[in-house]
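File shown: final_28.txt. Contents: compact mmCIF, C-alpha atoms.
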```txt
# COMPACT_ATOMS: atom_id res chain seq x y z
CA MET A 142 155.04 153.77 98.78
CA LYS A 143 152.21 156.09 99.80
CA GLN A 144 149.91 153.09 100.11
CA LEU A 145 152.42 151.36 102.39
CA ILE A 146 152.66 154.45 104.59
CA LYS A 147 148.86 154.55 104.87
CA ILE A 148 148.74 150.89 105.89
CA ILE A 149 151.46 151.36 108.52
CA THR A 150 149.70 154.45 109.87
CA ALA A 151 146.37 152.65 110.08
CA PHE A 152 147.98 149.70 111.80
CA SER A 153 149.68 152.01 114.31
CA VAL A 154 146.36 153.71 115.08
CA LEU A 155 144.72 150.30 115.57
CA ILE A 156 147.46 149.27 117.99
CA ALA A 157 147.06 152.51 119.93
CA ILE A 158 143.29 151.99 120.20
CA GLN A 159 143.76 148.41 121.43
CA LEU A 160 146.30 149.46 124.03
CA LYS A 161 143.95 152.12 125.39
CA ALA A 162 141.02 149.69 125.56
CA GLN A 163 142.52 147.47 128.22
CA THR A 164 140.49 145.50 130.72
CA PRO A 165 142.12 144.99 134.13
CA ILE A 166 142.26 141.35 135.16
CA SER A 167 143.40 139.59 138.33
CA LEU A 168 146.22 137.07 138.24
CA GLU A 169 143.90 134.16 139.05
CA SER A 170 141.52 135.14 136.26
CA ALA A 171 144.48 135.43 133.91
CA TYR A 172 145.43 131.85 134.79
CA GLU A 173 141.91 130.63 134.00
CA LYS A 174 141.73 132.37 130.64
CA ALA A 175 145.23 131.25 129.65
CA PHE A 176 144.42 127.62 130.54
CA LYS A 177 141.32 127.88 128.37
CA ASN A 178 142.68 129.75 125.35
CA ASN A 179 146.45 129.37 125.14
CA LEU A 180 147.56 127.97 121.78
CA ASN A 181 150.28 125.75 123.23
CA LEU A 182 147.74 124.09 125.50
CA LYS A 183 145.39 123.60 122.56
CA SER A 184 148.17 121.78 120.73
CA GLY A 185 148.74 119.65 123.81
CA GLN A 186 145.05 118.75 123.97
CA LEU A 187 145.07 117.81 120.29
CA ARG A 188 148.07 115.57 120.95
CA ILE A 189 146.05 113.75 123.61
CA GLU A 190 143.17 113.26 121.17
CA TYR A 191 145.59 111.95 118.54
CA GLN A 192 147.13 109.44 120.95
CA ASP A 193 143.66 108.36 122.02
CA LYS A 194 142.60 107.77 118.40
CA ILE A 195 145.58 105.52 117.60
CA LYS A 196 145.38 103.38 120.75
CA LYS A 197 143.63 100.59 118.85
CA SER A 198 146.21 100.51 116.07
CA TYR A 199 148.10 97.79 117.98
CA ALA A 200 145.64 95.24 116.59
CA VAL A 201 146.85 95.60 113.00
CA VAL A 202 146.93 92.13 111.37
CA ASP A 203 149.14 91.27 108.41
CA PRO A 204 147.32 91.53 105.05
CA LEU A 205 145.42 88.49 103.77
CA ASN A 206 147.43 86.94 100.94
CA VAL A 207 145.29 85.73 98.00
CA SER A 208 146.99 84.16 94.98
CA GLY A 209 145.94 82.26 91.84
CA GLU A 210 147.61 79.88 89.36
CA ILE A 211 146.72 78.47 85.95
CA GLY A 212 148.61 75.88 83.92
CA GLN A 213 149.30 72.19 83.41
CA PHE A 214 149.74 70.88 86.93
CA ALA A 215 149.23 67.11 86.64
CA SER A 216 148.32 66.36 83.00
CA ALA A 217 148.25 67.79 79.51
CA TYR A 218 145.05 69.59 80.40
CA THR A 219 144.97 73.16 81.75
CA ASP A 220 144.00 73.45 85.40
CA ASN A 221 143.59 76.39 87.79
CA LYS A 222 144.28 76.96 91.47
CA PHE A 223 143.71 79.67 94.03
CA SER A 224 145.13 79.99 97.56
CA VAL A 225 144.34 82.07 100.63
CA ASN A 226 147.02 82.60 103.31
CA GLN A 227 146.96 84.56 106.56
CA THR A 228 149.78 85.21 109.04
CA PHE A 229 149.02 85.64 112.75
CA ARG A 230 151.21 86.67 115.65
CA LEU A 231 151.03 85.50 119.23
CA PRO A 232 148.95 87.57 121.71
CA GLY A 233 152.14 88.65 123.49
CA PHE A 234 153.18 90.65 120.42
CA TYR A 235 149.90 92.56 120.23
CA ASN A 236 149.82 93.16 123.98
CA SER A 237 153.30 94.68 123.93
CA GLN A 238 152.36 97.01 121.05
CA LYS A 239 149.22 97.99 122.89
CA GLN A 240 151.21 98.82 126.01
CA VAL A 241 153.49 101.18 124.07
CA LEU A 242 150.49 103.10 122.74
CA MET A 243 148.88 103.24 126.18
CA GLU A 244 152.05 104.61 127.80
CA GLU A 245 152.40 107.26 125.07
CA TRP A 246 148.78 108.25 125.59
CA LYS A 247 149.42 108.68 129.31
CA ASN A 248 152.52 110.69 128.50
CA SER A 249 150.56 113.08 126.29
CA MET A 250 148.29 113.90 129.25
CA LEU A 251 151.28 114.43 131.53
CA THR A 252 152.87 116.65 128.89
CA LEU A 253 149.77 118.85 128.96
CA ASP A 254 150.12 119.11 132.75
CA VAL A 255 153.73 120.22 132.33
CA GLN A 256 152.67 122.77 129.71
CA ARG A 257 150.10 124.18 132.15
CA TRP A 258 152.82 124.29 134.81
CA HIS A 259 155.13 126.29 132.56
CA LEU A 260 152.31 128.56 131.38
CA LYS A 261 151.30 129.44 134.95
CA ARG A 262 154.87 130.52 135.67
CA GLU A 263 155.04 132.61 132.47
CA VAL A 264 151.76 134.39 133.26
CA ALA A 265 152.87 135.13 136.83
CA MET A 266 156.23 136.44 135.63
CA ILE A 267 154.78 138.83 133.07
CA TYR A 268 152.14 139.96 135.58
CA ASN A 269 154.95 140.77 138.02
CA GLU A 270 156.69 142.71 135.23
CA LEU A 271 153.56 144.78 134.63
CA ASN A 272 153.22 145.52 138.36
CA TYR A 273 156.88 146.51 138.41
CA GLN A 274 156.39 148.89 135.50
CA ASP A 275 153.47 150.52 137.34
CA GLU A 276 155.68 151.20 140.36
CA LYS A 277 158.50 152.40 138.15
CA GLU A 278 156.15 154.80 136.41
CA LYS A 279 155.02 156.28 139.74
CA LEU A 280 158.63 156.95 140.73
CA LEU A 281 159.54 158.42 137.35
CA LEU A 282 156.50 160.71 137.42
CA ARG A 283 157.56 161.88 140.84
CA ALA A 284 161.10 162.49 139.60
CA ASP A 285 159.74 164.30 136.54
CA SER A 286 157.65 166.55 138.77
CA ILE A 287 160.64 167.31 141.02
CA TYR A 288 162.94 168.13 138.14
CA THR A 289 160.30 170.17 136.31
CA ASN A 290 159.79 172.36 139.38
CA TYR A 291 163.55 172.56 139.79
CA TYR A 292 163.92 173.65 136.16
CA LYS A 293 161.26 176.36 136.52
CA ARG A 294 162.94 177.67 139.65
CA ALA A 295 166.39 177.61 138.01
CA GLU A 296 165.02 179.45 134.98
CA LEU A 297 163.49 182.11 137.21
CA ARG A 298 166.70 182.45 139.22
CA LEU A 299 168.68 182.87 136.01
CA LYS A 300 166.40 185.69 134.87
CA LYS A 301 166.84 187.44 138.19
CA GLY A 302 170.57 186.98 138.00
CA GLU A 303 170.67 184.82 141.12
CA SER A 304 172.31 181.87 139.31
CA ASN A 305 174.28 181.03 136.20
CA ILE A 306 173.44 179.11 133.02
CA LEU A 307 175.00 175.94 134.43
CA GLU A 308 172.26 175.53 137.03
CA LYS A 309 169.54 175.93 134.40
CA THR A 310 171.28 173.51 132.04
CA THR A 311 171.69 170.93 134.79
CA ALA A 312 168.01 171.22 135.71
CA GLU A 313 166.99 170.86 132.06
CA ASN A 314 169.18 167.77 131.70
CA TYR A 315 167.62 166.07 134.74
CA ARG A 316 164.13 166.81 133.47
CA SER A 317 164.96 165.46 130.00
CA GLN A 318 166.36 162.25 131.47
CA ALA A 319 163.16 161.67 133.44
CA GLU A 320 161.06 162.25 130.30
CA ILE A 321 163.21 159.85 128.25
CA GLN A 322 162.93 157.15 130.92
CA LEU A 323 159.16 157.58 131.03
CA ALA A 324 158.91 157.28 127.25
CA ASN A 325 161.05 154.13 127.27
CA LEU A 326 158.99 152.66 130.09
CA LYS A 327 155.80 153.14 128.06
CA LYS A 328 157.37 151.26 125.16
CA ASP A 329 158.45 148.47 127.49
CA ARG A 330 154.93 148.28 128.87
CA GLU A 331 153.47 147.93 125.39
CA VAL A 332 155.75 144.95 124.78
CA SER A 333 154.84 143.40 128.14
CA LEU A 334 151.12 143.83 127.48
CA TYR A 335 151.41 142.07 124.13
CA GLN A 336 153.32 139.22 125.75
CA PHE A 337 150.67 139.03 128.47
CA ASN A 338 147.78 138.94 126.00
CA TYR A 339 149.59 136.49 123.74
CA LEU A 340 149.64 134.02 126.63
CA ILE A 341 145.95 134.63 127.42
CA ASN A 342 144.93 134.55 123.72
CA ASP A 343 141.57 136.25 124.16
CA GLU A 344 139.80 138.77 121.95
CA THR A 345 139.81 141.28 124.80
CA MET A 346 143.00 143.22 125.58
CA TYR A 347 143.86 142.75 129.26
CA SER A 348 146.16 144.53 131.66
CA ASN A 349 147.12 143.89 135.28
CA GLU A 350 144.97 145.06 138.15
CA ASN A 351 146.24 147.56 140.71
CA SER A 352 147.58 144.96 143.13
CA ASN A 353 150.05 145.40 145.99
CA PHE A 354 153.45 144.97 144.40
CA TYR A 355 155.16 144.72 147.77
CA GLU A 356 153.01 142.08 149.47
CA ILE A 357 153.46 138.79 147.65
CA ASN A 358 153.10 135.69 149.81
CA SER A 359 156.48 134.50 151.09
CA PRO A 360 157.15 130.74 150.94
CA ASN A 361 158.31 128.57 153.80
CA GLN A 362 161.41 126.49 153.24
CA ASP A 363 160.78 122.78 152.64
CA LEU A 364 163.79 120.97 154.04
CA LYS A 365 162.51 117.67 152.61
CA TYR A 366 161.88 118.99 149.10
CA ALA A 367 162.08 116.03 146.70
CA GLY A 368 161.22 117.74 143.42
CA ASN A 369 158.16 118.93 141.56
CA HIS A 370 155.52 116.20 141.35
CA ILE A 371 154.34 117.26 137.88
CA VAL A 372 157.80 117.15 136.31
CA LEU A 373 158.90 113.96 138.08
CA LYS A 374 155.72 112.18 137.07
CA GLN A 375 156.42 112.84 133.41
CA LEU A 376 160.05 111.72 133.79
CA GLU A 377 158.75 108.54 135.45
CA GLN A 378 156.40 108.05 132.51
CA GLN A 379 159.33 108.24 130.10
CA LYS A 380 160.82 105.26 131.91
CA ALA A 381 157.53 103.38 131.47
CA ILE A 382 157.51 104.20 127.74
CA GLU A 383 161.05 102.93 127.19
CA LEU A 384 160.30 99.73 129.12
CA ALA A 385 157.19 99.15 126.99
CA LYS A 386 159.23 99.72 123.82
CA LEU A 387 161.83 97.22 125.04
CA ASN A 388 159.16 94.57 125.57
CA ALA A 389 157.71 95.39 122.13
CA GLU A 390 161.10 94.81 120.48
CA LYS A 391 161.53 91.53 122.33
CA SER A 392 158.08 90.37 121.20
CA LYS A 393 159.23 90.59 117.58
CA LEU A 394 161.34 87.48 118.22
CA LEU A 395 158.21 85.44 118.92
CA PRO A 396 157.24 82.97 116.18
CA THR A 397 154.43 83.68 113.75
CA PHE A 398 151.72 81.29 112.53
CA ASN A 399 150.47 80.85 108.96
CA ILE A 400 147.11 79.38 108.04
CA GLY A 401 146.27 78.70 104.40
CA TYR A 402 143.61 77.17 102.17
CA ASN A 403 144.13 75.82 98.59
CA ASN A 404 141.51 74.96 95.96
CA SER A 405 142.54 73.52 92.56
CA SER A 406 140.97 71.79 89.56
CA MET A 407 142.37 68.67 87.85
CA TYR A 408 141.60 66.97 84.50
CA GLY A 409 142.53 63.29 84.13
CA THR A 410 145.11 61.48 86.15
CA GLY A 411 148.23 61.94 84.02
CA ALA A 412 149.72 63.36 80.81
CA ASP A 413 148.34 60.54 78.53
CA ASP A 414 144.90 60.14 80.14
CA GLN A 415 142.34 60.61 77.34
CA PHE A 416 139.27 59.15 79.08
CA TYR A 417 138.60 61.18 82.23
CA GLU A 418 137.68 64.62 80.98
CA ARG A 419 135.31 65.81 83.69
CA SER A 420 136.90 68.49 85.85
CA ALA A 421 137.17 67.83 89.58
CA ARG A 422 138.21 70.28 92.32
CA PHE A 423 140.48 69.36 95.19
CA HIS A 424 140.92 71.12 98.53
CA SER A 425 143.78 71.31 101.00
CA GLY A 426 144.70 73.26 104.10
CA MET A 427 148.05 74.43 105.42
CA ILE A 428 149.43 75.56 108.77
CA GLY A 429 152.96 76.75 109.34
CA VAL A 430 155.22 78.41 111.88
CA GLY A 431 157.55 81.34 111.15
CA ILE A 432 160.70 81.02 113.24
CA PRO A 433 163.00 84.10 113.33
CA LEU A 434 166.29 82.26 112.85
CA PHE A 435 168.17 85.21 111.36
CA ASN A 436 167.47 87.64 114.21
CA GLY A 437 170.81 89.41 114.62
CA ALA A 438 169.41 92.75 113.46
CA GLN A 439 166.44 92.53 115.83
CA LYS A 440 168.66 91.61 118.75
CA SER A 441 170.79 94.69 118.08
CA LEU A 442 167.62 96.80 118.28
CA ILE A 443 166.80 95.19 121.61
CA GLU A 444 170.25 96.00 122.98
CA GLY A 445 169.89 99.58 121.74
CA GLN A 446 166.51 99.92 123.41
CA LYS A 447 168.03 98.73 126.70
CA ILE A 448 170.33 101.75 126.48
CA ASN A 449 167.32 104.02 125.88
CA GLN A 450 165.81 102.61 129.03
CA LEU A 451 168.99 103.44 130.96
CA ILE A 452 168.91 106.96 129.50
CA ALA A 453 165.32 107.44 130.76
CA GLU A 454 166.32 106.24 134.23
CA ASN A 455 169.32 108.58 134.23
CA ASN A 456 167.13 111.49 133.07
CA TYR A 457 164.80 110.88 135.99
CA GLU A 458 167.68 110.97 138.46
CA LEU A 459 169.13 114.03 136.74
CA GLY A 460 165.75 115.81 136.75
CA SER A 461 165.19 115.04 140.42
CA ARG A 462 168.60 116.35 141.46
CA SER A 463 168.30 119.39 139.21
CA LEU A 464 164.98 120.35 140.80
CA LYS A 465 166.41 119.97 144.31
CA ASN A 466 169.45 122.05 143.41
CA GLN A 467 167.31 124.70 141.76
CA TYR A 468 165.07 124.91 144.82
CA ALA A 469 168.01 125.26 147.22
CA SER A 470 169.65 127.96 145.06
CA LEU A 471 166.41 129.89 144.65
CA PHE A 472 165.66 129.81 148.36
CA GLY A 473 169.14 131.11 149.17
CA GLU A 474 168.68 133.97 146.71
CA TYR A 475 165.21 134.62 148.07
CA GLU A 476 166.50 134.97 151.63
CA LYS A 477 169.18 137.49 150.58
CA LEU A 478 166.69 139.57 148.60
CA LYS A 479 164.14 139.38 151.43
CA SER A 480 166.68 140.85 153.87
CA GLU A 481 167.50 143.63 151.41
CA THR A 482 163.87 144.59 150.77
CA ASP A 483 163.11 144.44 154.49
CA TYR A 484 165.87 146.98 155.08
CA TYR A 485 164.55 149.32 152.40
CA LYS A 486 161.00 149.07 153.74
CA SER A 487 161.93 149.54 157.40
CA LYS A 488 164.72 152.11 157.12
CA GLY A 489 165.66 152.88 153.53
CA LEU A 490 162.41 154.60 152.51
CA LYS A 491 162.34 156.68 155.70
CA ASN A 492 165.91 157.75 155.07
CA ALA A 493 165.06 158.60 151.46
CA GLU A 494 162.16 160.82 152.52
CA THR A 495 164.28 162.49 155.19
CA ILE A 496 167.05 163.20 152.66
CA MET A 497 164.59 164.66 150.15
CA LYS A 498 162.78 166.90 152.65
CA THR A 499 166.02 168.11 154.20
CA ALA A 500 167.62 168.77 150.82
CA ASN A 501 164.62 170.81 149.66
CA ARG A 502 164.54 172.84 152.87
CA LEU A 503 168.25 173.59 152.83
CA TYR A 504 168.19 174.47 149.13
CA TYR A 505 165.27 176.88 149.49
CA GLU A 506 166.92 178.44 152.55
CA GLY A 507 170.12 178.89 150.55
CA GLU A 508 172.28 176.71 152.79
CA ILE A 509 173.28 174.37 149.93
CA ASN A 510 173.80 175.01 146.25
CA TYR A 511 172.02 173.33 143.33
CA LEU A 512 174.84 170.82 142.85
CA GLU A 513 174.61 169.59 146.45
CA TRP A 514 170.83 169.58 146.22
CA SER A 515 170.82 167.45 143.03
CA ILE A 516 173.22 164.93 144.57
CA LEU A 517 170.97 164.52 147.62
CA ILE A 518 167.77 164.29 145.56
CA ASN A 519 169.30 161.67 143.25
CA GLN A 520 170.44 159.72 146.30
CA SER A 521 166.89 159.75 147.68
CA LEU A 522 165.38 158.67 144.36
CA ASP A 523 168.04 155.98 143.95
CA ILE A 524 167.05 154.38 147.26
CA GLN A 525 163.42 154.25 146.16
CA ASN A 526 164.45 152.90 142.77
CA LYS A 527 166.56 150.14 144.36
CA LEU A 528 163.60 149.03 146.45
CA ILE A 529 161.42 148.69 143.34
CA ASP A 530 164.12 146.80 141.41
CA THR A 531 164.91 144.50 144.33
CA GLN A 532 161.24 143.83 145.00
CA LYS A 533 160.73 142.83 141.38
CA ILE A 534 163.56 140.28 141.58
CA LEU A 535 162.30 139.04 144.95
CA ASN A 536 158.81 138.53 143.53
CA ALA A 537 160.29 136.59 140.62
CA LYS A 538 162.15 134.28 143.02
CA ILE A 539 158.94 133.70 145.00
CA ILE A 540 157.10 132.87 141.77
CA GLU A 541 159.84 130.37 140.87
CA LEU A 542 159.74 128.77 144.33
CA ASN A 543 155.95 128.50 144.30
CA ASN A 544 156.15 127.01 140.83
CA LEU A 545 158.67 124.39 141.96
CA THR A 546 156.54 123.38 144.95
CA GLN A 547 153.27 123.29 142.98
CA GLN A 548 151.67 119.85 143.06
```
Taking this structure as input, can you express it in the form of structure tokens?
Amino acid sequence: MKQLIKIITAFSVLIAIQLKAQTPISLESAYEKAFKNNLNLKSGQLRIEYQDKIKKSYAVVDPLNVSGEIGQFASAYTDNKFSVNQTFRLPGFYNSQKQVLMEEWKNSMLTLDVQRWHLKREVAMIYNELNYQDEKEKLLLRADSIYTNYYKRAELRLKKGESNILEKTTAENYRSQAEIQLANLKKDREVSLYQFNYLINDETMYSNENSNFYEINSPNQDLKYAGNHIVLKQLEQQKAIELAKLNAEKSKLLPTFNIGYNNSSMYGTGADDQFYERSARFHSGMIGVGIPLFNGAQKSLIEGQKINQLIAENNYELGSRSLKNQYASLFGEYEKLKSETDYYKSKGLKNAETIMKTANRLYYEGEINYLEWSILINQSLDIQNKLIDTQKILNAKIIELNNLTQQ
């Protein structure tokens, strides 16, 4: 048990050291490192290499059939025979198999593009979360400072008999709430940093740079938006794969060709021949055609593959419409959030500062009591807090829109 506690303690210290040794990194640099090191992308690259290695497997030829016989074939004497037989398929069969492998190879490259597309969105989202936590921390530190000063003043007033215990208790409660929120925010930031560095997958621990949380580039509405090119291209490739598989199934109904060679020995010319004892060898060749007469099972596979092709076509249409609908919904949400943040920036913050300054002045002058002061201060801080929360959501919508329009 003691050993376990030591291990946990050492691990906790190691985590603390890593978190302190953070290197600030820009969003663009984070993209570059994630594209280079991310484990999901490495798996995608390996998938491409695998598909490239098996491209030539279409040319697999049926095994060469070699057989031998020994016995009394044409007389009382013992003879022997060996045969070699090879089956070949028409070029159309091999070409169709090759096309399937080529389309799957192309799809593996498009899949990697889609993985990069998703990864870029994930990195941007977590970067926005880290920026948001920075702004939240600034506000909470300000609130903590306000409530700490308020607590000290209330404690002094209580000693002088100018107030009651309720004012001091209220001040202490506000200060404690600010401290708890700060502690929780630090824990949330630790989680976000681990998520951020998991995506980057580098030996160095990175954190976000001090960037302007409130000035993210706003997108222009694309009234002719037809869908994301990266996603649609992969959906189009799925159609190509299913078509290639359909042609491959059809090619299995093509006839096959057999070429054979026989070599046998023969003593005498019949069962009672006692004069011709010298062994002679005889040769023969064979060519045949394999006709798939009993092809009901294969035809059912072809009909099933036709349905798979229809599914791929439907998925393309579904994907296209889903992207358009997602874009329209996101842009509508973006416009609402943009109006809200514009209000907070143009009027809300000014009102918040006015409320806070006025409340402090009136409280110190004795024109309002601590209860009225706390209500006004909380109102001012709430306005600032709403701006930060709304800006975070707005930034997320902008990231989503930029991601959808990325080509």
- Message: Counting only C-alpha atoms, which residue out of A:Lys196, A:Lys222, A:Lys277, A:Lys477 sits closest to Gln322 (chain A)?
- Response: A:Lys277
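Residue neighbourhood of Ser406 (chain A), excluding near-sequence residues (fewer than 6 positions): Ile211, Phe214, Ala215, Thr219, Asp220, Asn221, Lys222, Phe223, Ser420, Ala421, Arg422, Phe423 and His424 of chain A, at 10 Å, using all atoms listed in the file.
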- Message: Just the number, please: distance in Å from CA of Asn248 (chain A) to CA of Ser463 (chain A), one decimal.
- Response: 21.0 Å
- Could you name the residues that touch region 521-536 of chain A at 9 Å or less, counting all atoms listed in the file, but leaving out those on the same chain fewer than 5 positions away, as a PyMOL selection string? chain A and resi 266+269-270+272-273+276-277+280+284+354-355+357-359+474-476+478-479+481-482+485-486+489-490+492-497+516+541
Include C-alpha atoms and write out the residues we just selected as a compact mmCIF listing (two decimals), in the frame of the given file.
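Once everything was written out, this is result_31.txt:
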```
# COMPACT_ATOMS: atom_id res chain seq x y z
CA MET A 266 156.23 136.44 135.63
CA ASN A 269 154.95 140.77 138.02
CA GLU A 270 156.69 142.71 135.23
CA ASN A 272 153.22 145.52 138.36
CA TYR A 273 156.88 146.51 138.41
CA GLU A 276 155.68 151.20 140.36
CA LYS A 277 158.50 152.40 138.15
CA LEU A 280 158.63 156.95 140.73
CA ALA A 284 161.10 162.49 139.60
CA PHE A 354 153.45 144.97 144.40
CA TYR A 355 155.16 144.72 147.77
CA ILE A 357 153.46 138.79 147.65
CA ASN A 358 153.10 135.69 149.81
CA SER A 359 156.48 134.50 151.09
CA GLU A 474 168.68 133.97 146.71
CA TYR A 475 165.21 134.62 148.07
CA GLU A 476 166.50 134.97 151.63
CA LEU A 478 166.69 139.57 148.60
CA LYS A 479 164.14 139.38 151.43
CA GLU A 481 167.50 143.63 151.41
CA THR A 482 163.87 144.59 150.77
CA TYR A 485 164.55 149.32 152.40
CA LYS A 486 161.00 149.07 153.74
CA GLY A 489 165.66 152.88 153.53
CA LEU A 490 162.41 154.60 152.51
CA ASN A 492 165.91 157.75 155.07
CA ALA A 493 165.06 158.60 151.46
CA GLU A 494 162.16 160.82 152.52
CA THR A 495 164.28 162.49 155.19
CA ILE A 496 167.05 163.20 152.66
CA MET A 497 164.59 164.66 150.15
CA ILE A 516 173.22 164.93 144.57
CA GLU A 541 159.84 130.37 140.87
```
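The two atoms in question, CA of Met407 (chain A) and CA of Ser224 (chain A), are spaced 15.2 Å apart.
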- Show which residues sit within 9 Å of Tyr235 (chain A), as JSON, numbers by chain. Count all atoms listed in the file, and ignore same-chain residues fewer than 3 positions away. {"A": [199, 200, 201, 230, 231, 232, 238, 239, 240, 389, 392]}
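When all atoms listed in the file are used to compute distances to Asn290 (chain A), the closest of the residues A:His370, A:Asn501, A:Ala324, A:Gln378 turns out to be A:Asn501.
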- Message: Rounded to one decimal, what separation in Å do you get between CA of Leu459 (chain A) and CA of Glu383 (chain A)?
- Response: 16.7 Å
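Distances here use only C-alpha atoms; by that measure, the residue among A:Tyr484, A:Trp246, A:Tyr347, A:Tyr315 closest to Asp193 (chain A) is A:Trp246.
Closest to Tyr366 (chain A) among A:Leu542, A:Gly426, A:Leu384, A:Leu253 is A:Leu542, based on only C-alpha atoms.
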Could you give me the axis-aligned bounding box of region 500-516 of chain A, with 4 Å of padding per side, as centre plus edge lengths in Å to one decimal, as AutoDock Vina command-line options?
```
--center_x 169.7 --center_y 171.9 --center_z 147.9 --size_x 18.3 --size_y 22.0 --size_z 18.0
```
- Note on the structure: Judged by all atoms listed in the file, the minimum distance to Ser286 (chain A) among A:Ser317, A:Thr311, A:Gln520, A:Ser170 is found for A:Ser317
- Message: Distance cut-off 6 Å, centre (148.5, 128.5, 128.5) in file coordinates, counting all atoms listed in the file: which residues qualify? Return them as a list of chain:residue names.
- Response: A:Ala175, A:Phe176, A:Asn179, A:Leu182, A:Arg257, A:Leu260, A:Leu340
- Task: Would you mind listing what lies within 7 Å of region 164-167 of chain A as a ChimeraX atom specification, with all atoms listed in the file counted and same-chain residues fewer than 3 positions away left out?
- Result: /A:170-171,346-350
- Item | Spatial neighbours of region 443-454 of chain A, max dist 7 Å, only C-alpha atoms, sep filter under 5 positions, as a ChimeraX atom specification | /A:379-380,383-384,387,390-391
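Closest approach to Gln227 (chain A) from the set A:Glu169, A:Glu508, A:Arg283, A:Ser208 is made by A:Ser208, with distances taken over only C-alpha atoms.
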